[in-house]
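A.B. asks: Just query32.csv, nothing more (CSV, C-alpha atoms):
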chain,number,residue,atom,x,y,z
V,1,MET,CA,50.5,75.5,-14.3
V,2,SER,CA,54.1,74.5,-14.9
V,3,THR,CA,56.1,72.3,-12.5
V,4,ARG,CA,57.4,74.3,-9.5
V,5,ARG,CA,61.1,74.0,-8.4
V,6,SER,CA,62.3,73.7,-4.9
V,7,ALA,CA,65.1,75.8,-3.3
V,8,ASP,CA,67.7,73.2,-4.4
V,9,GLY,CA,66.6,73.5,-8.0
V,10,GLN,CA,65.0,70.1,-8.1
V,11,PRO,CA,61.4,69.9,-9.6
V,12,ASP,CA,58.6,69.5,-7.1
V,13,VAL,CA,56.1,66.9,-8.3
V,14,PRO,CA,52.7,68.7,-8.2
V,15,ASP,CA,49.7,66.8,-6.8
V,16,LEU,CA,47.1,66.7,-9.6
V,17,ARG,CA,44.4,65.7,-7.1
V,18,VAL,CA,44.5,68.9,-5.0
V,19,ALA,CA,41.0,70.5,-4.7
V,20,ARG,CA,39.6,68.2,-7.4
V,21,PRO,CA,38.4,64.6,-7.6
V,22,ALA,CA,41.1,61.9,-7.8
V,23,VAL,CA,42.1,61.0,-11.4
V,24,LYS,CA,40.2,58.0,-12.7
V,25,ALA,CA,41.6,58.0,-16.3
V,26,VAL,CA,44.5,59.4,-18.3
V,27,ILE,CA,44.1,60.1,-22.0
V,28,PHE,CA,47.3,60.1,-24.0
V,29,ASP,CA,48.4,61.8,-27.2
V,30,VAL,CA,50.6,59.5,-29.3
V,31,ASP,CA,53.0,61.2,-31.6
V,32,GLY,CA,55.8,62.8,-29.6
V,33,THR,CA,54.3,61.7,-26.3
V,34,LEU,CA,54.5,57.9,-26.3
V,35,TYR,CA,57.5,57.9,-28.7
V,36,ARG,CA,60.1,60.4,-29.7
V,37,GLN,CA,59.4,62.0,-33.1
V,38,ARG,CA,62.8,63.5,-33.8
V,39,PRO,CA,64.8,60.3,-33.9
V,40,LEU,CA,62.0,58.6,-35.8
V,41,ARG,CA,62.0,61.4,-38.5
V,42,ARG,CA,65.8,61.3,-38.7
V,43,ALA,CA,65.7,57.5,-39.3
V,44,MET,CA,62.9,57.9,-41.8
V,45,ALA,CA,64.8,60.6,-43.7
V,46,VAL,CA,67.8,58.1,-44.0
V,47,ARG,CA,65.4,55.5,-45.3
V,48,LEU,CA,63.8,57.9,-47.7
V,49,VAL,CA,67.2,58.9,-49.1
V,50,ALA,CA,68.4,55.2,-49.3
V,51,GLY,CA,65.2,54.3,-51.1
V,52,HIS,CA,65.7,56.9,-53.8
V,53,LEU,CA,69.4,56.7,-54.5
V,54,LEU,CA,68.7,55.8,-58.1
V,55,HIS,CA,65.9,58.3,-58.4
V,56,PRO,CA,66.8,61.4,-56.4
V,57,ILE,CA,64.3,63.6,-58.2
V,58,ARG,CA,61.5,61.2,-57.2
V,59,GLY,CA,62.9,61.3,-53.6
V,60,LEU,CA,62.7,65.1,-53.5
V,61,ARG,CA,59.1,64.9,-54.8
V,62,THR,CA,58.2,62.4,-52.1
V,63,ALA,CA,59.8,64.7,-49.4
V,64,HIS,CA,57.8,67.6,-50.8
V,65,ILE,CA,54.6,65.7,-50.6
V,66,LEU,CA,55.1,64.6,-47.0
V,67,ALA,CA,56.0,68.1,-45.9
V,68,ALA,CA,52.9,69.5,-47.6
V,69,TYR,CA,50.8,66.9,-46.0
V,70,ARG,CA,52.1,67.7,-42.5
V,71,GLN,CA,51.7,71.4,-43.1
V,72,ALA,CA,48.1,70.9,-44.3
V,73,GLN,CA,47.4,69.4,-40.9
V,74,GLU,CA,48.8,72.4,-39.0
V,75,ASP,CA,46.7,74.7,-41.2
V,76,MET,CA,43.6,72.6,-40.5
V,77,ARG,CA,44.1,72.9,-36.7
V,78,ALA,CA,42.7,76.5,-36.9
V,79,GLU,CA,40.0,75.8,-39.4
V,80,ALA,CA,36.6,74.2,-39.3
V,81,ALA,CA,37.3,71.5,-41.9
V,82,VAL,CA,34.2,70.3,-43.8
V,83,GLY,CA,33.9,66.6,-44.6
V,84,ASP,CA,36.3,63.7,-44.0
V,85,LEU,CA,39.5,65.0,-42.4
V,86,THR,CA,41.7,62.6,-44.2
V,87,GLU,CA,40.3,63.6,-47.6
V,88,VAL,CA,40.5,67.3,-46.9
V,89,GLN,CA,44.1,66.9,-45.8
V,90,LEU,CA,45.0,64.9,-48.9
V,91,LEU,CA,43.3,67.5,-51.1
V,92,ALA,CA,45.2,70.3,-49.4
V,93,ALA,CA,48.6,68.6,-49.9
V,94,SER,CA,47.7,67.8,-53.5
V,95,ALA,CA,46.8,71.4,-54.2
V,96,ARG,CA,50.0,72.6,-52.5
V,97,THR,CA,52.3,70.3,-54.5
V,98,GLY,CA,50.4,69.9,-57.8
V,99,VAL,CA,50.5,66.1,-57.4
V,100,GLU,CA,47.4,64.0,-58.0
V,101,ILE,CA,45.6,63.1,-54.8
V,102,ALA,CA,46.0,59.3,-55.5
V,103,GLU,CA,49.8,59.7,-55.5
V,104,VAL,CA,49.7,61.8,-52.4
V,105,ALA,CA,47.6,59.1,-50.7
V,106,ARG,CA,50.0,56.3,-51.8
V,107,CYS,CA,53.0,58.3,-50.6
V,108,VAL,CA,51.5,59.1,-47.2
V,109,ALA,CA,50.4,55.4,-46.7
V,110,ARG,CA,53.9,54.1,-47.5
V,111,TRP,CA,56.1,56.7,-45.7
V,112,MET,CA,54.0,57.8,-42.8
V,113,ASP,CA,51.6,54.9,-42.0
V,114,VAL,CA,53.6,51.7,-42.8
V,115,ALA,CA,57.4,52.3,-43.0
V,116,PRO,CA,57.8,53.9,-39.6
V,117,LEU,CA,56.2,51.0,-37.7
V,118,VAL,CA,59.3,48.9,-37.6
V,119,LEU,CA,61.3,51.8,-36.2
V,120,LEU,CA,58.9,52.7,-33.4
V,121,PRO,CA,60.1,50.4,-30.7
V,122,ARG,CA,63.6,51.9,-30.7
V,123,CYS,CA,62.0,55.4,-30.4
V,124,ALA,CA,59.6,54.6,-27.6
V,125,GLU,CA,59.8,56.9,-24.6
V,126,PRO,CA,61.9,55.5,-21.7
V,127,ASP,CA,59.8,53.5,-19.2
V,128,LEU,CA,56.8,53.6,-21.5
V,129,ALA,CA,55.2,50.2,-20.7
V,130,GLU,CA,56.3,50.4,-17.1
V,131,SER,CA,54.7,53.8,-16.6
V,132,LEU,CA,51.4,52.6,-18.1
V,133,ASP,CA,51.5,49.5,-15.9
V,134,LEU,CA,52.0,51.7,-12.9
V,135,LEU,CA,48.9,53.7,-13.7
V,136,ARG,CA,46.8,50.6,-14.4
V,137,SER,CA,48.0,49.0,-11.1
V,138,TRP,CA,46.5,52.0,-9.3
V,139,GLY,CA,43.2,51.6,-11.0
V,140,VAL,CA,43.6,54.4,-13.5
V,141,ARG,CA,42.0,53.7,-16.9
V,142,LEU,CA,43.9,54.6,-20.0
V,143,ALA,CA,42.8,56.0,-23.4
V,144,VAL,CA,44.4,57.5,-26.5
V,145,LEU,CA,43.4,60.5,-28.5
V,146,SER,CA,45.6,61.0,-31.6
V,147,ASP,CA,45.5,63.2,-34.7
V,148,TYR,CA,46.1,60.1,-36.8
V,149,PRO,CA,44.9,56.5,-36.5
V,150,ALA,CA,46.9,55.0,-33.7
V,151,ASP,CA,46.1,51.3,-33.4
V,152,ALA,CA,49.0,50.1,-35.6
V,153,LYS,CA,51.4,52.4,-33.7
V,154,LEU,CA,50.3,51.1,-30.4
V,155,ALA,CA,50.7,47.6,-31.6
V,156,ALA,CA,54.2,48.3,-32.9
V,157,LEU,CA,55.1,49.8,-29.5
V,158,GLY,CA,53.8,46.7,-27.8
V,159,ILE,CA,51.2,48.5,-25.6
V,160,ALA,CA,48.0,48.1,-27.5
V,161,ASP,CA,46.4,46.1,-24.7
V,162,HIS,CA,47.0,48.8,-22.2
V,163,PHE,CA,44.2,51.1,-23.4
V,164,ASP,CA,40.4,50.9,-23.0
V,165,HIS,CA,39.6,53.3,-25.8
V,166,VAL,CA,41.6,54.5,-28.9
V,167,LEU,CA,40.3,57.6,-30.7
V,168,CYS,CA,41.7,59.7,-33.5
V,169,ALA,CA,40.7,63.0,-35.1
V,170,GLN,CA,39.5,61.2,-38.2
V,171,ASP,CA,36.8,59.3,-36.4
V,172,ALA,CA,33.3,60.0,-37.7
V,173,ASP,CA,32.1,61.4,-34.4
V,174,ILE,CA,35.2,63.7,-34.0
V,175,GLY,CA,36.2,65.2,-37.3
V,176,ARG,CA,38.4,67.9,-35.8
V,177,PHE,CA,42.2,68.2,-35.1
V,178,LYS,CA,43.4,69.3,-31.7
V,179,PRO,CA,43.3,71.9,-30.2
V,180,HIS,CA,39.6,71.7,-30.9
V,181,PRO,CA,38.2,69.9,-27.8
V,182,ARG,CA,35.8,67.6,-29.6
V,183,GLY,CA,38.1,64.6,-29.4
V,184,LEU,CA,38.4,64.9,-25.6
V,185,GLU,CA,34.7,65.4,-25.2
V,186,VAL,CA,34.0,62.2,-27.1
V,187,ALA,CA,36.7,60.4,-25.0
V,188,LEU,CA,34.9,61.6,-21.8
V,189,ARG,CA,31.6,60.2,-23.1
V,190,ARG,CA,33.2,56.8,-23.9
V,191,LEU,CA,34.9,56.7,-20.5
V,192,GLU,CA,31.7,57.8,-18.8
V,193,LEU,CA,33.7,60.2,-16.6
V,194,ASP,CA,33.5,63.9,-15.8
V,195,ALA,CA,36.3,66.2,-17.0
V,196,ALA,CA,37.5,66.7,-13.4
V,197,GLU,CA,38.3,63.0,-13.2
V,198,VAL,CA,40.6,62.9,-16.2
V,199,VAL,CA,44.1,64.1,-17.2
V,200,PHE,CA,45.3,64.6,-20.7
V,201,VAL,CA,49.0,63.9,-21.4
V,202,GLY,CA,50.7,65.4,-24.5
V,203,ASP,CA,53.9,66.9,-25.7
V,204,ARG,CA,52.8,70.3,-27.3
V,205,SER,CA,51.6,72.9,-25.0
V,206,GLU,CA,50.3,75.1,-27.8
V,207,VAL,CA,48.1,72.2,-29.0
V,208,ASP,CA,47.6,69.7,-26.3
V,209,ALA,CA,47.3,72.0,-23.3
V,210,VAL,CA,45.0,74.4,-25.2
V,211,CYS,CA,42.8,71.4,-26.2
V,212,ALA,CA,42.7,70.2,-22.6
V,213,ALA,CA,41.8,73.7,-21.3
V,214,ALA,CA,39.0,74.0,-23.8
V,215,ALA,CA,37.6,70.7,-22.5
V,216,ASN,CA,38.2,71.8,-18.8
V,217,ILE,CA,40.6,68.8,-18.4
V,218,ARG,CA,43.9,69.0,-16.5
V,219,CYS,CA,46.9,68.5,-18.7
V,220,VAL,CA,50.5,67.3,-18.3
V,221,ILE,CA,53.1,68.2,-21.0
V,222,VAL,CA,55.9,65.6,-21.0
V,223,GLY,CA,59.2,66.8,-22.5
V,224,GLY,CA,58.4,68.2,-25.8
V,225,SER,CA,57.3,71.7,-26.8
V,226,ARG,CA,56.3,74.3,-24.1
V,227,ALA,CA,55.6,77.2,-26.5
V,228,ARG,CA,53.6,80.2,-25.2
V,229,THR,CA,50.0,79.3,-24.7
V,230,ASP,CA,48.4,82.7,-23.7
V,231,GLY,CA,48.1,81.8,-20.1
V,232,THR,CA,46.8,78.2,-20.5
V,233,GLU,CA,47.6,76.3,-17.3
V,234,TYR,CA,49.3,72.9,-17.4
V,235,HIS,CA,51.6,70.7,-15.4
V,236,THR,CA,55.0,69.6,-16.8
V,237,ALA,CA,57.0,66.4,-16.4
V,238,ARG,CA,60.4,65.4,-17.8
V,239,THR,CA,59.4,61.8,-18.4
V,240,LEU,CA,56.3,59.6,-18.5
V,241,ARG,CA,57.4,58.0,-15.3
V,242,GLU,CA,57.5,61.3,-13.6
V,243,MET,CA,54.0,62.0,-14.9
V,244,ALA,CA,52.8,58.7,-13.6
V,245,MET,CA,54.2,59.5,-10.1
V,246,MET,CA,52.1,62.6,-10.0
V,247,LEU,CA,49.1,60.3,-9.8
V,248,LYS,CA,50.4,57.9,-7.2
V,249,PRO,CA,47.8,57.1,-4.6
V,250,THR,CA,48.6,58.4,-1.1
As structure tokens, what does this structure read like?

C.D. replies:
Amino acid sequence: MSTRRSADGQPDVPDLRVARPAVKAVIFDVDGTLYRQRPLRRAMAVRLVAGHLLHPIRGLRTAHILAAYRQAQEDMRAEAAVGDLTEVQLLAASARTGVEIAEVARCVARWMDVAPLVLLPRCAEPDLAESLDLLRSWGVRLAVLSDYPADAKLAALGIADHFDHVLCAQDADIGRFKPHPRGLEVALRRLELDAAEVVFVGDRSEVDAVCAAAANIRCVIVGGSRARTDGTEYHTARTLREMAMMLKPT
């Protein structure tokens, strides 16, 4: 369900505990949820151009590789990838660009894994640490489920110590991108909680809300994309703090 609005046009904060057990844990997506992707990608585009001023053709080649790698992930969301997700994604980007897989891997490692880390703090969602602290002060456990390895990003954001479990799609016991529910199912096992006791927080309704629904977990979409989801129900919040306040004990 989406957030209701009152007569004066202000959003009513829905009670996520109605008719179900109180929330004992929140699982967060990372990219686009804990930090804003658009300003990060703009800043990275500037760095990419600046890093290739003397070699513009190489710069265009790098941009083409990165775009192909991202598109490969979107394609894989709907497919049952066989084998290691990282290798399958690299192979797909290599095939799409005609670039050797080793070069694709080096490009992705430099421009997607390492270079953005220094920029992440300035792109963090407002009240990020404070919202996490609020949840933890109310006894809510926190976890992460990301499409990509998240430990370095959480460290760069200064919030690594807030989470009990950090999972990603490439983990050996997951091996599927969202919206496949396997990642959330594994997270539930590690948390030792039932689906009714957990909320999943993301930024893409067509991915995160659908994933949560498949795992029978309640979902909050913060800011971000609210594309059509074929009737999938989810809550919405403008900010992480507003999301946190939905879980405030009475």

A.B. asks: So what do you get for CA of Ala152 (chain V) versus CA of Asp164 (chain V), distance-wise?

C.D. replies: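 Computing the Euclidean distance for CA of Ala152 (chain V) and CA of Asp164 (chain V) yields 15.3 Å.
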
A.B. asks: If we count all atoms listed in the file and set the cut-off at 9 Å, which residues sit around region 110-122 of chain V, ignoring sequence neighbours fewer than 6 positions away in its own chain? Please answer as a PDB file with C-alpha atoms, keeping the file's coordinate frame.

C.D. replies:
ATOM      1  CA  TYR V  35      57.500  57.900 -28.700  1.00  0.00           C
ATOM      2  CA  ARG V  36      60.100  60.400 -29.700  1.00  0.00           C
ATOM      3  CA  LEU V  40      62.000  58.600 -35.800  1.00  0.00           C
ATOM      4  CA  ARG V  41      62.000  61.400 -38.500  1.00  0.00           C
ATOM      5  CA  ALA V  43      65.700  57.500 -39.300  1.00  0.00           C
ATOM      6  CA  MET V  44      62.900  57.900 -41.800  1.00  0.00           C
ATOM      7  CA  ARG V  47      65.400  55.500 -45.300  1.00  0.00           C
ATOM      8  CA  LEU V  48      63.800  57.900 -47.700  1.00  0.00           C
ATOM      9  CA  THR V  62      58.200  62.400 -52.100  1.00  0.00           C
ATOM     10  CA  LEU V  66      55.100  64.600 -47.000  1.00  0.00           C
ATOM     11  CA  PRO V 149      44.900  56.500 -36.500  1.00  0.00           C
ATOM     12  CA  ALA V 152      49.000  50.100 -35.600  1.00  0.00           C
ATOM     13  CA  LYS V 153      51.400  52.400 -33.700  1.00  0.00           C
ATOM     14  CA  ALA V 155      50.700  47.600 -31.600  1.00  0.00           C
ATOM     15  CA  ALA V 156      54.200  48.300 -32.900  1.00  0.00           C
ATOM     16  CA  LEU V 157      55.100  49.800 -29.500  1.00  0.00           C
ATOM     17  CA  GLY V 158      53.800  46.700 -27.800  1.00  0.00           C
TER      18      GLY V 158
END

A.B. asks: List every residue of region 198-242 of chain V that has an atom at most 9 Å from any atom of region 26-29 of chain V, and for each one report the closest atom pair and its distance in Å to one decimal, counting only C-alpha atoms, with rows sorted by chain and then by increasing residue number, as JSON lines.

C.D. replies:
{"residue": "V:Val198", "atom": "CA", "partner": "V:Val26", "partner_atom": "CA", "distance": 5.6}
{"residue": "V:Val199", "atom": "CA", "partner": "V:Val26", "partner_atom": "CA", "distance": 4.8}
{"residue": "V:Phe200", "atom": "CA", "partner": "V:Ile27", "partner_atom": "CA", "distance": 4.8}
{"residue": "V:Val201", "atom": "CA", "partner": "V:Phe28", "partner_atom": "CA", "distance": 4.9}
{"residue": "V:Gly202", "atom": "CA", "partner": "V:Asp29", "partner_atom": "CA", "distance": 5.1}
{"residue": "V:Asp203", "atom": "CA", "partner": "V:Asp29", "partner_atom": "CA", "distance": 7.6}
{"residue": "V:Asp208", "atom": "CA", "partner": "V:Asp29", "partner_atom": "CA", "distance": 8.0}

A.B. asks: Please dump the current selection as an mmCIF file, in the frame of the given file; keep C-alpha atoms.

C.D. replies:
data_model
loop_
_atom_site.group_PDB
_atom_site.id
_atom_site.type_symbol
_atom_site.label_atom_id
_atom_site.label_comp_id
_atom_site.auth_asym_id
_atom_site.auth_seq_id
_atom_site.Cartn_x
_atom_site.Cartn_y
_atom_site.Cartn_z
ATOM 1 C CA VAL V 198 40.600 62.900 -16.200
ATOM 2 C CA VAL V 199 44.100 64.100 -17.200
ATOM 3 C CA PHE V 200 45.300 64.600 -20.700
ATOM 4 C CA VAL V 201 49.000 63.900 -21.400
ATOM 5 C CA GLY V 202 50.700 65.400 -24.500
ATOM 6 C CA ASP V 203 53.900 66.900 -25.700
ATOM 7 C CA ASP V 208 47.600 69.700 -26.300
#

A.B. asks: Identify which of the residues V:Arg77, V:Arg238, V:Arg136, V:Arg189 lies closest to Glu206 (chain V), counting only C-alpha atoms when measuring atom-to-atom distances.

C.D. replies: V:Arg77

A.B. asks: One decimal, Å: what's the distance from CA of Phe163 (chain V) over to CA of Ala244 (chain V), could you say?

C.D. replies: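 So the two atoms, CA of Phe163 (chain V) and CA of Ala244 (chain V), lie 15.1 Å apart.
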
A.B. asks: Quick check, in Å to one decimal: how far apart do CA of Pro179 (chain V) and CA of Val207 (chain V) lie?

C.D. replies: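 For CA of Pro179 (chain V) relative to CA of Val207 (chain V), the distance reads 5.0 Å.
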
A.B. asks: Could you tell me which of V:His52, V:His180, V:Arg106, V:Lys248 comes closest to Ala22 (chain V) if we count only C-alpha atoms?

C.D. replies: V:Lys248

A.B. asks: With distances taken over all atoms listed in the file, which of V:Ala215, V:Ala67, V:Val186, V:Val210 is nearest to Thr232 (chain V)?

C.D. replies: V:Val210

A.B. asks: Counting all atoms listed in the file, which residues have an atom no more than 12 Å from (43.8, 76.2, -39.9) in the file's coordinates? Please list them as a list in words.

C.D. replies: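 Checking each residue against the 12 Å limit leaves Gln71, Ala72, Gln73, Glu74, Asp75, Met76, Arg77, Ala78, Glu79, Ala80, Ala81, Val82, Val88, Gln89, Ala92, Arg176, Phe177, Lys178, Pro179 and His180 of chain V.
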
A.B. asks: Env of Leu134 (chain V): 12 Å cut, atoms = all atoms listed in the file, seq-sep filter 2 positions within chain, self excluded. Answer as a list in words.

C.D. replies: Asp127, Leu128, Ala129, Glu130, Ser131, Leu132, Arg136, Ser137, Trp138, Gly139, Val140, Arg141, Leu142, His162, Leu240, Arg241, Glu242, Met243, Ala244, Met245, Met246, Leu247, Lys248 and Pro249 of chain V
